[in-house]
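What follows is a set of notes on a single structure, which appears directly below.
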Amino acid sequence: MNVRLSHFLIAALLVAPAALADDSRICNASARECEQAIRQLSSGRRYLGASIQELNPGIRVKAVNEDGPAERADLRPGDRLMAINGHGTRSASIQDFKKILYDAKETGVLWIIVQRDGILKKIEVRLEPYTKAQIDKMVAQHLAQFHAIATTAPQQ
Ligand SMILES: [Zn+2]
């Protein structure tokens with residue numbers, strides 16, 4: 001597995017499985033390599049269950065996965081993220097968000113101040129480990145999206 005692939009997968013896993021859909025890069029690794037990498041990287045890793053959108057400047061919640069940590073904490077689509085774990089995120093980028101999420105991996109807790117309908121609200125999200133079913137789904141989604149061509153294209 002090459003380094004670029006692993007960084008891509010970590011970034012995708014940290015945000016949400018839905019984030020994979022926004023990424024149009026083609027995967028050059030073998031399906032088996034990818035499956036192993038996804039299983040290895042997601043094992044023991046915690047997830048948020050929401051996808052985040054960049055506003056330039058700023059970030060907001062784009063979508064919240066059903067029955068995930070973000071939904072349980074009442075994070076909602078459209079919420080603008082004003083601060084997370086003491087970092088001001090009023091003009092943050094997706095990269096800043098990923099770094100904050102990564103730094104929170106030990107405690108698994110995000111203290112978020114969101115702006116919703118002009119009102120500031122404090123939300124505490126407890127990140128949760130991926131279940132086996134979620135990991136299976138991520139593998140299936142990745143293979144379907146990035147390796148589908150390989151199964152129908154003529155062999156070289
Ligand atoms: Zn792949």
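Going by the structure tokens order, chains are called A, B, ..., each with residues numbered from 1, while ligands are numbered from 1 in the order shown.
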Write out as a tab-separated table the residues of chain A that have any atom within 9 Å of an atom of ligand 1, one row each with the nearest atom pair and its distance in Å to one decimal, counting only C-alpha atoms and all ligand atoms, sorted by chain and then rising number.
residue	atom	partner	partner_atom_place_in_ligand_line	distance
A:Leu5	CA	ligand 1	1 (Zn)	8.0
A:Leu9	CA	ligand 1	1 (Zn)	9.0
A:Ile26	CA	ligand 1	1 (Zn)	7.8
A:Cys27	CA	ligand 1	1 (Zn)	4.6
A:Asn28	CA	ligand 1	1 (Zn)	6.5
A:Ala29	CA	ligand 1	1 (Zn)	5.4
A:Ser30	CA	ligand 1	1 (Zn)	6.3
A:Ala31	CA	ligand 1	1 (Zn)	5.5
A:Arg32	CA	ligand 1	1 (Zn)	8.2
A:Glu33	CA	ligand 1	1 (Zn)	7.3
A:Cys34	CA	ligand 1	1 (Zn)	4.5
A:Glu35	CA	ligand 1	1 (Zn)	7.4
A:Ala37	CA	ligand 1	1 (Zn)	8.9
A:Ile38	CA	ligand 1	1 (Zn)	8.9
A:Val139	CA	ligand 1	1 (Zn)	8.8
A:His142	CA	ligand 1	1 (Zn)	6.3
A:Leu143	CA	ligand 1	1 (Zn)	6.2
A:Gln145	CA	ligand 1	1 (Zn)	8.6
A:Phe146	CA	ligand 1	1 (Zn)	5.7
A:His147	CA	ligand 1	1 (Zn)	6.3
Practice prompt. Would you mind listing what lies within 10 Å of Asn56 of chain A as a PyMOL selection string, with only C-alpha atoms counted and same-chain residues fewer than 4 positions away left out?
Written response: chain A and resi 90-94
With 9 Å as the cut-off and only C-alpha atoms counted, what is the closest atom pair between each nearby residue of segment 43-72 of chain A and segment 110-125 of chain A? Distances in Å to one decimal, ordered by chain and number, as JSON lines.
{"residue": "A:Leu48", "atom": "CA", "partner": "A:Val125", "partner_atom": "CA", "distance": 7.7}
{"residue": "A:Arg60", "atom": "CA", "partner": "A:Val114", "partner_atom": "CA", "distance": 8.6}
{"residue": "A:Pro69", "atom": "CA", "partner": "A:Val125", "partner_atom": "CA", "distance": 6.3}
{"residue": "A:Ala70", "atom": "CA", "partner": "A:Val125", "partner_atom": "CA", "distance": 6.1}
{"residue": "A:Glu71", "atom": "CA", "partner": "A:Val125", "partner_atom": "CA", "distance": 8.9}
{"residue": "A:Arg72", "atom": "CA", "partner": "A:Val125", "partner_atom": "CA", "distance": 7.9}
Could you dump the residues just selected with C-alpha atoms as a PDB file, in the first residue's frame?
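As a result, again-v3.pdb now contains:
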ATOM      1  CA  LEU A  48     -18.450  11.360  14.054  1.00  0.00           C
ATOM      2  CA  ARG A  60     -20.915  23.734   8.557  1.00  0.00           C
ATOM      3  CA  PRO A  69     -22.820   9.940  17.395  1.00  0.00           C
ATOM      4  CA  ALA A  70     -23.551  13.310  15.730  1.00  0.00           C
ATOM      5  CA  GLU A  71     -27.274  12.569  15.534  1.00  0.00           C
ATOM      6  CA  ARG A  72     -27.350  11.381  19.155  1.00  0.00           C
TER       7      ARG A  72
END
Discussion item. Need to verify the contact set: Asp136 of chain A, 12 Å, only C-alpha atoms, exclusion of same-chain residues closer than 2 positions in sequence. Can you return it as number ranges by chain?
Written reply: A: 17, 35-36, 38-40, 42-43, 130-134, 138-143
Worksheet item: If you run DSSP on this backbone, which residues of segment 13-124 of chain A come out as alpha helix (DSSP H), and could you give them as a PyMOL selection string?
Response: chain A and resi 13-15+31-42+69-72+94-103
